[in-house]
$ cat query32.cif   # mmCIF, C-alpha atoms
data_protein
#
loop_
_atom_site.label_atom_id
_atom_site.label_comp_id
_atom_site.auth_asym_id
_atom_site.auth_seq_id
_atom_site.Cartn_x
_atom_site.Cartn_y
_atom_site.Cartn_z
CA MET A 1 112.65 26.57 151.90
CA SER A 2 112.54 29.87 153.76
CA GLU A 3 115.23 31.72 155.70
CA GLN A 4 114.23 34.61 157.93
CA GLU A 5 116.18 37.44 159.55
CA PRO A 6 115.84 37.97 163.34
CA THR A 7 113.18 40.52 164.23
CA PRO A 8 114.30 43.48 166.40
CA GLN A 9 112.26 44.00 169.56
CA ASN A 10 110.75 47.28 168.40
CA GLN A 11 109.72 45.98 165.02
CA VAL A 12 107.29 43.41 163.72
CA SER A 13 108.00 40.75 161.14
CA ALA A 14 106.37 41.16 157.75
CA GLU A 15 105.57 37.44 157.63
CA ASN A 16 101.95 38.23 156.74
CA LEU A 17 102.93 40.31 153.75
CA PRO A 18 102.53 38.75 150.29
CA ASP A 19 106.23 38.37 149.51
CA THR A 20 109.59 38.01 151.26
CA LEU A 21 113.11 39.15 150.52
CA ARG A 22 114.71 37.00 147.89
CA ASP A 23 117.15 36.59 145.06
CA ASP A 24 115.27 36.53 141.76
CA SER A 25 116.19 34.46 138.70
CA LEU A 26 114.52 33.86 135.36
CA ASN A 27 113.72 30.21 135.82
CA GLU A 28 114.36 29.29 139.46
CA MET A 29 112.42 29.86 142.64
CA PRO A 30 114.33 32.40 144.82
CA GLU A 31 115.60 32.11 148.34
CA GLU A 32 113.49 34.00 150.86
CA ASN A 33 114.12 36.39 153.65
CA THR A 34 111.96 38.73 155.76
CA ILE A 35 111.82 42.53 155.83
CA THR A 36 110.77 44.15 159.11
CA PHE A 37 108.58 47.23 159.43
CA LYS A 38 108.16 49.72 162.28
CA ARG A 39 104.84 49.17 164.00
CA ALA A 40 104.30 52.87 164.55
CA HIS A 41 104.58 53.91 160.92
CA LEU A 42 101.52 52.78 159.05
CA TYR A 43 102.73 54.34 155.83
CA SER A 44 105.84 52.19 155.87
CA VAL A 45 103.52 49.19 155.54
CA LEU A 46 101.02 50.58 153.05
CA LEU A 47 103.61 51.93 150.60
CA PRO A 48 105.57 48.66 150.38
CA LEU A 49 102.31 46.72 149.92
CA ALA A 50 101.35 48.86 146.94
CA PHE A 51 104.88 48.81 145.58
CA VAL A 52 105.30 45.05 145.98
CA ALA A 53 102.00 44.49 144.16
CA GLY A 54 103.39 46.49 141.26
CA LEU A 55 106.76 44.77 141.28
CA THR A 56 105.18 41.33 141.49
CA PHE A 57 102.93 42.07 138.52
CA GLY A 58 105.84 43.52 136.57
CA TYR A 59 107.97 40.47 137.27
CA LEU A 60 105.26 38.04 136.16
CA PHE A 61 104.36 40.19 133.15
CA TRP A 62 107.90 40.62 131.89
CA GLY A 63 108.93 37.10 132.85
CA ARG A 64 106.75 35.80 130.01
CA SER A 65 108.65 37.81 127.43
CA ASP A 66 111.68 35.51 127.37
CA SER A 67 109.74 32.30 126.67
CA ALA A 68 109.79 30.85 123.17
CA GLY A 69 107.38 32.55 120.83
CA ALA A 70 106.14 35.02 123.43
CA ALA A 71 105.03 38.39 122.12
CA GLN A 72 106.93 41.45 123.32
CA PRO A 73 104.75 43.72 125.45
CA SER A 74 103.89 47.08 123.95
CA VAL A 75 104.11 48.90 127.25
CA VAL A 76 105.42 48.31 130.73
CA VAL A 77 102.56 48.05 133.19
CA VAL A 78 103.01 48.32 136.93
CA ALA A 79 100.16 48.04 139.40
CA ALA A 80 99.59 50.96 141.73
CA THR A 81 97.35 51.18 144.78
CA PRO A 82 93.92 49.90 143.69
CA GLY A 83 91.30 52.56 143.02
CA ALA A 84 87.54 52.21 143.28
CA ASP A 85 87.20 50.74 139.79
CA GLN A 86 89.86 48.13 140.50
CA GLU A 87 88.27 47.19 143.80
CA GLN A 88 84.87 46.82 142.11
CA ALA A 89 86.43 44.67 139.39
CA ALA A 90 87.89 42.42 142.08
CA VAL A 91 84.46 42.08 143.73
CA GLN A 92 82.94 41.07 140.39
CA GLY A 93 85.66 38.50 139.81
CA ALA A 94 87.28 40.39 136.91
CA GLU A 95 91.04 40.95 136.82
CA PRO A 96 91.82 44.63 137.58
CA THR A 97 93.75 46.68 135.03
CA PRO A 98 97.06 47.73 136.57
CA GLU A 99 98.27 51.29 136.21
CA PHE A 100 101.60 52.36 134.77
CA GLN A 101 103.72 54.05 137.41
CA ARG A 102 107.20 55.50 137.72
CA TYR A 103 109.00 55.86 141.03
CA ASP A 104 111.17 58.82 142.00
CA VAL A 105 114.23 56.93 143.22
CA PRO A 106 117.17 59.21 144.08
CA ILE A 107 120.71 58.50 142.94
CA ASP A 108 121.98 59.61 146.34
CA ASP A 109 125.80 59.65 146.40
CA ASP A 110 126.13 56.18 144.93
CA PRO A 111 128.55 55.12 142.15
CA ILE A 112 127.54 56.04 138.60
CA LEU A 113 128.88 54.48 135.41
CA GLY A 114 128.05 56.49 132.32
CA PRO A 115 127.59 60.14 131.31
CA GLU A 116 125.50 62.52 133.37
CA GLN A 117 123.48 63.53 130.30
CA ALA A 118 122.49 59.94 129.45
CA ALA A 119 118.84 59.60 128.40
CA ILE A 120 118.46 56.33 130.31
CA THR A 121 119.37 55.90 133.97
CA ILE A 122 119.24 52.40 135.43
CA ILE A 123 119.31 52.35 139.23
CA GLU A 124 120.14 48.88 140.48
CA PHE A 125 119.61 47.58 144.02
CA SER A 126 121.95 44.63 144.26
CA ASP A 127 123.92 42.19 146.40
CA TYR A 128 127.51 41.09 145.69
CA GLU A 129 126.81 37.55 146.86
CA CYS A 130 123.68 37.14 144.75
CA PRO A 131 124.22 34.77 141.78
CA TYR A 132 121.43 36.40 139.76
CA CYS A 133 122.99 39.83 140.22
CA ARG A 134 126.21 38.33 138.91
CA LYS A 135 124.33 36.84 135.95
CA TRP A 136 122.89 40.24 135.01
CA HIS A 137 126.22 42.05 135.32
CA GLN A 138 128.04 39.49 133.22
CA GLU A 139 125.41 38.71 130.59
CA VAL A 140 123.10 41.71 130.24
CA TRP A 141 124.87 44.91 131.25
CA PRO A 142 127.74 44.51 128.71
CA LEU A 143 125.18 44.08 125.93
CA LEU A 144 123.30 47.19 127.04
CA GLN A 145 126.54 49.19 127.08
CA ALA A 146 127.38 48.00 123.56
CA GLU A 147 123.87 48.72 122.29
CA TYR A 148 123.30 52.18 123.80
CA GLY A 149 126.73 53.63 124.57
CA ASP A 150 126.48 57.15 125.98
CA GLN A 151 122.67 56.97 126.04
CA ILE A 152 122.73 54.86 129.17
CA ARG A 153 124.20 54.98 132.66
CA LEU A 154 124.11 52.63 135.65
CA VAL A 155 123.78 53.57 139.31
CA TYR A 156 124.66 50.88 141.87
CA ARG A 157 122.85 50.93 145.22
CA ASP A 158 123.48 48.30 147.88
CA PHE A 159 120.81 45.87 149.05
CA PRO A 160 122.71 43.11 150.90
CA LEU A 161 120.55 40.19 152.04
CA THR A 162 122.58 39.68 155.17
CA SER A 163 120.73 36.72 156.67
CA ILE A 164 121.49 34.54 153.65
CA HIS A 165 124.59 36.34 152.30
CA SER A 166 126.97 36.98 155.17
CA ASN A 167 129.65 38.48 152.91
CA ALA A 168 127.39 40.87 151.01
CA SER A 169 127.77 43.89 153.30
CA PRO A 170 131.56 43.60 153.78
CA ALA A 171 131.96 43.25 150.01
CA ALA A 172 129.89 46.40 149.50
CA VAL A 173 132.06 48.25 152.04
CA ALA A 174 135.22 47.07 150.25
CA ALA A 175 133.86 48.28 146.91
CA ASN A 176 133.24 51.71 148.40
CA CYS A 177 136.78 51.75 149.75
CA ALA A 178 138.05 51.01 146.23
CA GLY A 179 135.83 53.85 145.07
CA GLU A 180 137.85 56.27 147.21
CA GLN A 181 140.67 55.58 144.77
CA ASP A 182 138.45 55.82 141.67
CA LYS A 183 138.35 52.06 141.15
CA TYR A 184 134.80 51.29 142.21
CA TRP A 185 133.63 49.76 138.94
CA GLU A 186 136.81 47.76 138.39
CA PHE A 187 136.39 46.37 141.91
CA ASN A 188 132.71 45.77 141.18
CA ASP A 189 133.68 43.65 138.16
CA LYS A 190 136.08 41.57 140.22
CA LEU A 191 133.51 40.94 142.94
CA PHE A 192 130.91 39.76 140.43
CA ALA A 193 133.45 37.58 138.62
CA MET A 194 133.50 35.52 141.86
CA LYS A 195 136.84 33.92 141.06
CA LEU A 196 137.74 33.94 144.76
CA ASN A 197 135.62 33.41 147.85
CA LEU A 198 134.51 36.69 149.33
CA GLY A 199 136.41 37.81 152.40
CA LYS A 200 138.97 40.37 153.56
CA THR A 201 141.91 38.55 152.00
CA THR A 202 140.08 38.48 148.66
CA TYR A 203 139.33 42.21 148.87
CA GLN A 204 142.99 42.91 149.55
CA THR A 205 144.01 40.70 146.62
CA TYR A 206 141.69 42.57 144.28
CA ALA A 207 142.95 45.91 145.59
CA GLU A 208 146.54 44.88 144.90
CA GLU A 209 145.63 43.69 141.41
CA LEU A 210 144.08 47.09 140.72
CA GLY A 211 147.17 48.90 141.99
CA LEU A 212 145.44 50.59 144.91
CA ASP A 213 147.27 52.29 147.75
CA MET A 214 147.13 49.36 150.14
CA PRO A 215 147.64 51.21 153.46
CA ALA A 216 144.81 53.57 152.53
CA PHE A 217 142.59 50.71 151.38
CA ASN A 218 143.21 48.70 154.56
CA GLU A 219 142.60 51.76 156.73
CA CYS A 220 139.28 52.24 154.98
CA LEU A 221 138.28 48.62 155.53
CA ASP A 222 139.28 48.63 159.18
CA SER A 223 137.58 51.95 159.92
CA GLY A 224 134.18 50.68 158.73
CA ARG A 225 133.30 54.15 157.51
CA TYR A 226 131.07 52.85 154.70
CA VAL A 227 129.05 50.49 156.90
CA ASP A 228 126.45 53.18 157.53
CA GLU A 229 126.32 54.07 153.83
CA VAL A 230 125.57 50.47 152.87
CA GLU A 231 122.97 50.16 155.63
CA ALA A 232 121.30 53.41 154.55
CA ASP A 233 120.87 52.08 151.02
CA TYR A 234 119.38 48.89 152.40
CA GLN A 235 116.94 50.70 154.70
CA TYR A 236 115.82 53.04 151.94
CA ALA A 237 115.08 50.12 149.63
CA ALA A 238 113.33 48.13 152.36
CA ASN A 239 111.11 51.08 153.26
CA LEU A 240 110.27 51.56 149.60
CA GLY A 241 109.09 47.95 149.43
CA ILE A 242 111.96 46.36 147.50
CA ARG A 243 112.42 42.75 148.53
CA SER A 244 114.31 41.07 145.68
CA THR A 245 117.79 41.19 144.23
CA PRO A 246 118.41 42.46 141.72
CA THR A 247 115.72 45.13 141.43
CA PHE A 248 116.09 47.90 138.84
CA PHE A 249 114.50 51.25 138.08
CA VAL A 250 114.81 52.24 134.43
CA ASN A 251 114.05 55.96 134.42
CA GLY A 252 111.88 55.18 137.43
CA ILE A 253 110.15 52.12 135.94
CA PRO A 254 110.62 49.07 138.22
CA VAL A 255 111.98 45.80 136.83
CA VAL A 256 112.42 42.83 139.16
CA GLY A 257 114.93 40.04 138.63
CA ALA A 258 117.83 39.26 136.31
CA GLN A 259 115.67 39.79 133.25
CA PRO A 260 117.22 39.15 129.81
CA PHE A 261 118.71 41.68 127.41
CA ASP A 262 115.69 41.59 125.09
CA MET A 263 113.38 42.68 127.90
CA PHE A 264 115.58 45.63 128.82
CA LYS A 265 116.02 46.54 125.16
CA SER A 266 112.27 46.53 124.56
CA LEU A 267 111.71 48.79 127.56
CA ILE A 268 114.58 51.17 126.75
CA ASP A 269 113.62 51.45 123.07
CA GLN A 270 110.06 52.41 124.03
CA GLU A 271 111.39 54.94 126.54
CA LEU A 272 113.76 56.51 123.98
CA ALA A 273 110.94 56.68 121.43
CA GLY A 274 108.70 58.51 123.91
CA GLU A 275 106.11 55.74 123.87
CA LEU A 276 105.81 55.36 127.64
CA PRO A 277 103.82 57.64 129.96
CA LYS A 278 105.85 60.17 131.90
#

$ encode --input "query32.cif" --output "C-alpha cells"
Amino acid sequence: MSEQEPTPQNQVSAENLPDTLRDDSLNEMPEENTITFKRAHLYSVLLPLAFVAGLTFGYLFWGRSDSAGAAQPSVVVVAATPGADQEQAAVQGAEPTPEFQRYDVPIDDDPILGPEQAAITIIEFSDYECPYCRKWHQEVWPLLQAEYGDQIRLVYRDFPLTSIHSNASPAAVAANCAGEQDKYWEFNDKLFAMKLNLGKTTYQTYAEELGLDMPAFNECLDSGRYVDEVEADYQYAANLGIRSTPTFFVNGIPVVGAQPFDMFKSLIDQELAGELPK
C-alpha cells in the first residue's frame, strides 16, 4: 500500500525514482511516501539517485547482519555513483562492487546529546510519530550510551513524514520549544515513550511534568517560530536523497532503518579502531 504527498505545481513527483519515503523496520515492509524534486535543478535529482542507491545497498547489506548465524561484515560498504568499471560490469551481467563513501552532513544548530569531543557522532534524521524511530530510541540508543559513554554523541535532525504522520511536525516544534528551556532531550524521551496521543494538550502535559515555564512554552507553540527550522531540516534531507525514517550518519557513514545494537556496535568499533576509510 502506498501513500503519496500532493505535488506542488512547480515541482514534479519522484514516482519514477527507485524508492519512496518510508518508515524503515528490521522485519516489516515500510509505509511509502513521495519526495518531490525541482524540475529545474538536475543535480537535485542526480545526487539523490546516487545517494539512494548507496543507502539501499547499505540497508540490504546490514539488514542481513541480524539474522541467525549471519557473519558480521568486516567493513561498511556504500554504493556511490557508478564509474566506468561498474557500468561495464553491469553490461557483462556481473554485480558491480560498491564504493565506501562518507557524507559531509552538517550538525546545523540542532540538539546534541553528548560531549563535543566525542569520537563518534551519530546524526539521526527522524520522525516523532514513526514507530521504528521509537524502537531505536528505546532499544538501541540506551545500549550505545552504556557501551561508549563519552565516546559518542547524538544529533537529532527532523524529518517528519507529514502525509502519513500528521502530528510529526507539531511534535518536532514542541520539542524545540522545550529546548528553549534546556529540556529538549527530556521532552524527546517523553514523545518517543508515546504514552499519550500526540497533540497540543499532550505537549502541554509533558511540559508541565518537566517543570517548564508554561506561559513561555505556550507562547513558543503559538508563535510557530520553529516551523521553519523543522521544514529546513526536512528539505535538506530530501535534497540529499534521504527517504526513510530513521536514517543515520555515523561519522558520515549512512545507516538506514532501526538497525540493531550489534550492527551499530560493529560499525562503531571498526571506526574507533581506524579500520574504515576516511

$ residues_around --input "query32.cif" --residues "Tyr103 (chain A)" --least-positions-apart "4" --cutoff "8 Å" --atoms "only C-alpha atoms" --output "PDB file with C-alpha atoms, keeping the file's coordinate frame"
ATOM      1  CA  PHE A 249     114.500  51.250 138.080  1.00  0.00           C
ATOM      2  CA  GLY A 252     111.880  55.180 137.430  1.00  0.00           C
ATOM      3  CA  ILE A 253     110.150  52.120 135.940  1.00  0.00           C
ATOM      4  CA  PRO A 254     110.620  49.070 138.220  1.00  0.00           C
TER       5      PRO A 254
END

$ atom_distance --input "query32.cif" --atom1 "CA of Ile242 (chain A)" --atom2 "CA of Leu221 (chain A)"
27.6 Å

$ resolve_selection --input "query32.cif" --expression "the PyMOL selection byres ((chain A and resi 112) around 9)" --output "list in words"
Ile107, Asp109, Asp110, Pro111, Leu113, Gly114, Pro115, Glu116, Arg153, Leu154, Val155, Tyr156 and Trp185 of chain A

$ atom_distance --input "query32.cif" --atom1 "CA of Tyr234 (chain A)" --atom2 "CA of Ala172 (chain A)"
11.2 Å

$ residues_around --input "query32.cif" --residues "region 264-270 of chain A" --least-positions-apart "2" --cutoff "8 Å" --atoms "only C-alpha atoms" --output "PyMOL selection string"
chain A and resi 72+75-76+120+144+250+259-262+272-276

$ closest_residue --input "query32.cif" --among "A:Ala207, A:Leu240, A:Asp228, A:Ser126" --to "Phe159 (chain A)" --atoms "all atoms listed in the file"
A:Ser126

$ build_atoms --input "query32.cif" --residues "region 190-220 of chain A" --atoms "N, CA and C atoms" --output "PDB file, in the coordinates of the input"
ATOM      1  N   LYS A 190     135.371  42.685 139.589  1.00  0.00           N
ATOM      2  CA  LYS A 190     136.080  41.570 140.220  1.00  0.00           C
ATOM      3  C   LYS A 190     135.199  40.836 141.220  1.00  0.00           C
ATOM      4  N   LEU A 191     134.409  41.579 141.977  1.00  0.00           N
ATOM      5  CA  LEU A 191     133.510  40.940 142.940  1.00  0.00           C
ATOM      6  C   LEU A 191     132.497  40.049 142.227  1.00  0.00           C
ATOM      7  N   PHE A 192     131.923  40.547 141.126  1.00  0.00           N
ATOM      8  CA  PHE A 192     130.910  39.760 140.430  1.00  0.00           C
ATOM      9  C   PHE A 192     131.519  38.628 139.596  1.00  0.00           C
ATOM     10  N   ALA A 193     132.798  38.706 139.306  1.00  0.00           N
ATOM     11  CA  ALA A 193     133.450  37.580 138.620  1.00  0.00           C
ATOM     12  C   ALA A 193     133.491  36.355 139.535  1.00  0.00           C
ATOM     13  N   MET A 194     133.535  36.588 140.849  1.00  0.00           N
ATOM     14  CA  MET A 194     133.500  35.520 141.860  1.00  0.00           C
ATOM     15  C   MET A 194     134.567  34.447 141.630  1.00  0.00           C
ATOM     16  N   LYS A 195     135.756  34.880 141.255  1.00  0.00           N
ATOM     17  CA  LYS A 195     136.840  33.920 141.060  1.00  0.00           C
ATOM     18  C   LYS A 195     137.422  33.462 142.388  1.00  0.00           C
ATOM     19  N   LEU A 196     137.262  34.284 143.426  1.00  0.00           N
ATOM     20  CA  LEU A 196     137.740  33.940 144.760  1.00  0.00           C
ATOM     21  C   LEU A 196     136.580  34.064 145.735  1.00  0.00           C
ATOM     22  N   ASN A 197     136.647  33.295 146.814  1.00  0.00           N
ATOM     23  CA  ASN A 197     135.620  33.410 147.850  1.00  0.00           C
ATOM     24  C   ASN A 197     135.695  34.782 148.491  1.00  0.00           C
ATOM     25  N   LEU A 198     134.531  35.370 148.748  1.00  0.00           N
ATOM     26  CA  LEU A 198     134.510  36.690 149.330  1.00  0.00           C
ATOM     27  C   LEU A 198     135.052  36.670 150.759  1.00  0.00           C
ATOM     28  N   GLY A 199     135.793  37.693 151.092  1.00  0.00           N
ATOM     29  CA  GLY A 199     136.410  37.810 152.400  1.00  0.00           C
ATOM     30  C   GLY A 199     137.487  38.879 152.353  1.00  0.00           C
ATOM     31  N   LYS A 200     138.009  39.272 153.496  1.00  0.00           N
ATOM     32  CA  LYS A 200     138.970  40.370 153.560  1.00  0.00           C
ATOM     33  C   LYS A 200     140.204  40.105 152.720  1.00  0.00           C
ATOM     34  N   THR A 201     140.721  38.878 152.783  1.00  0.00           N
ATOM     35  CA  THR A 201     141.910  38.550 152.000  1.00  0.00           C
ATOM     36  C   THR A 201     141.649  38.721 150.506  1.00  0.00           C
ATOM     37  N   THR A 202     140.456  38.323 150.065  1.00  0.00           N
ATOM     38  CA  THR A 202     140.080  38.480 148.660  1.00  0.00           C
ATOM     39  C   THR A 202     139.999  39.965 148.290  1.00  0.00           C
ATOM     40  N   TYR A 203     139.426  40.777 149.151  1.00  0.00           N
ATOM     41  CA  TYR A 203     139.330  42.210 148.870  1.00  0.00           C
ATOM     42  C   TYR A 203     140.718  42.838 148.759  1.00  0.00           C
ATOM     43  N   GLN A 204     141.620  42.407 149.619  1.00  0.00           N
ATOM     44  CA  GLN A 204     142.990  42.910 149.550  1.00  0.00           C
ATOM     45  C   GLN A 204     143.683  42.443 148.278  1.00  0.00           C
ATOM     46  N   THR A 205     143.417  41.212 147.869  1.00  0.00           N
ATOM     47  CA  THR A 205     144.010  40.700 146.620  1.00  0.00           C
ATOM     48  C   THR A 205     143.533  41.514 145.433  1.00  0.00           C
ATOM     49  N   TYR A 206     142.231  41.770 145.378  1.00  0.00           N
ATOM     50  CA  TYR A 206     141.690  42.570 144.280  1.00  0.00           C
ATOM     51  C   TYR A 206     142.272  43.981 144.287  1.00  0.00           C
ATOM     52  N   ALA A 207     142.403  44.556 145.483  1.00  0.00           N
ATOM     53  CA  ALA A 207     142.950  45.910 145.590  1.00  0.00           C
ATOM     54  C   ALA A 207     144.388  45.949 145.075  1.00  0.00           C
ATOM     55  N   GLU A 208     145.165  44.951 145.397  1.00  0.00           N
ATOM     56  CA  GLU A 208     146.540  44.880 144.900  1.00  0.00           C
ATOM     57  C   GLU A 208     146.575  44.724 143.388  1.00  0.00           C
ATOM     58  N   GLU A 209     145.694  43.886 142.862  1.00  0.00           N
ATOM     59  CA  GLU A 209     145.630  43.690 141.410  1.00  0.00           C
ATOM     60  C   GLU A 209     145.261  44.977 140.681  1.00  0.00           C
ATOM     61  N   LEU A 210     144.490  45.825 141.327  1.00  0.00           N
ATOM     62  CA  LEU A 210     144.080  47.090 140.720  1.00  0.00           C
ATOM     63  C   LEU A 210     145.072  48.216 140.999  1.00  0.00           C
ATOM     64  N   GLY A 211     146.135  47.898 141.715  1.00  0.00           N
ATOM     65  CA  GLY A 211     147.170  48.900 141.990  1.00  0.00           C
ATOM     66  C   GLY A 211     146.764  49.957 142.987  1.00  0.00           C
ATOM     67  N   LEU A 212     145.875  49.610 143.922  1.00  0.00           N
ATOM     68  CA  LEU A 212     145.440  50.590 144.910  1.00  0.00           C
ATOM     69  C   LEU A 212     146.511  50.839 145.968  1.00  0.00           C
ATOM     70  N   ASP A 213     146.429  51.978 146.596  1.00  0.00           N
ATOM     71  CA  ASP A 213     147.270  52.290 147.750  1.00  0.00           C
ATOM     72  C   ASP A 213     146.801  51.391 148.894  1.00  0.00           C
ATOM     73  N   MET A 214     147.589  50.372 149.206  1.00  0.00           N
ATOM     74  CA  MET A 214     147.130  49.360 150.140  1.00  0.00           C
ATOM     75  C   MET A 214     146.974  49.872 151.579  1.00  0.00           C
ATOM     76  N   PRO A 215     147.889  50.679 152.113  1.00  0.00           N
ATOM     77  CA  PRO A 215     147.640  51.210 153.460  1.00  0.00           C
ATOM     78  C   PRO A 215     146.337  51.998 153.545  1.00  0.00           C
ATOM     79  N   ALA A 216     146.056  52.790 152.514  1.00  0.00           N
ATOM     80  CA  ALA A 216     144.810  53.570 152.530  1.00  0.00           C
ATOM     81  C   ALA A 216     143.599  52.663 152.394  1.00  0.00           C
ATOM     82  N   PHE A 217     143.697  51.643 151.558  1.00  0.00           N
ATOM     83  CA  PHE A 217     142.590  50.710 151.380  1.00  0.00           C
ATOM     84  C   PHE A 217     142.316  49.940 152.679  1.00  0.00           C
ATOM     85  N   ASN A 218     143.371  49.451 153.314  1.00  0.00           N
ATOM     86  CA  ASN A 218     143.210  48.700 154.560  1.00  0.00           C
ATOM     87  C   ASN A 218     142.663  49.580 155.676  1.00  0.00           C
ATOM     88  N   GLU A 219     143.127  50.833 155.722  1.00  0.00           N
ATOM     89  CA  GLU A 219     142.600  51.760 156.730  1.00  0.00           C
ATOM     90  C   GLU A 219     141.109  51.963 156.538  1.00  0.00           C
ATOM     91  N   CYS A 220     140.696  52.063 155.282  1.00  0.00           N
ATOM     92  CA  CYS A 220     139.280  52.240 154.980  1.00  0.00           C
ATOM     93  C   CYS A 220     138.471  51.022 155.425  1.00  0.00           C
TER      94      CYS A 220
END
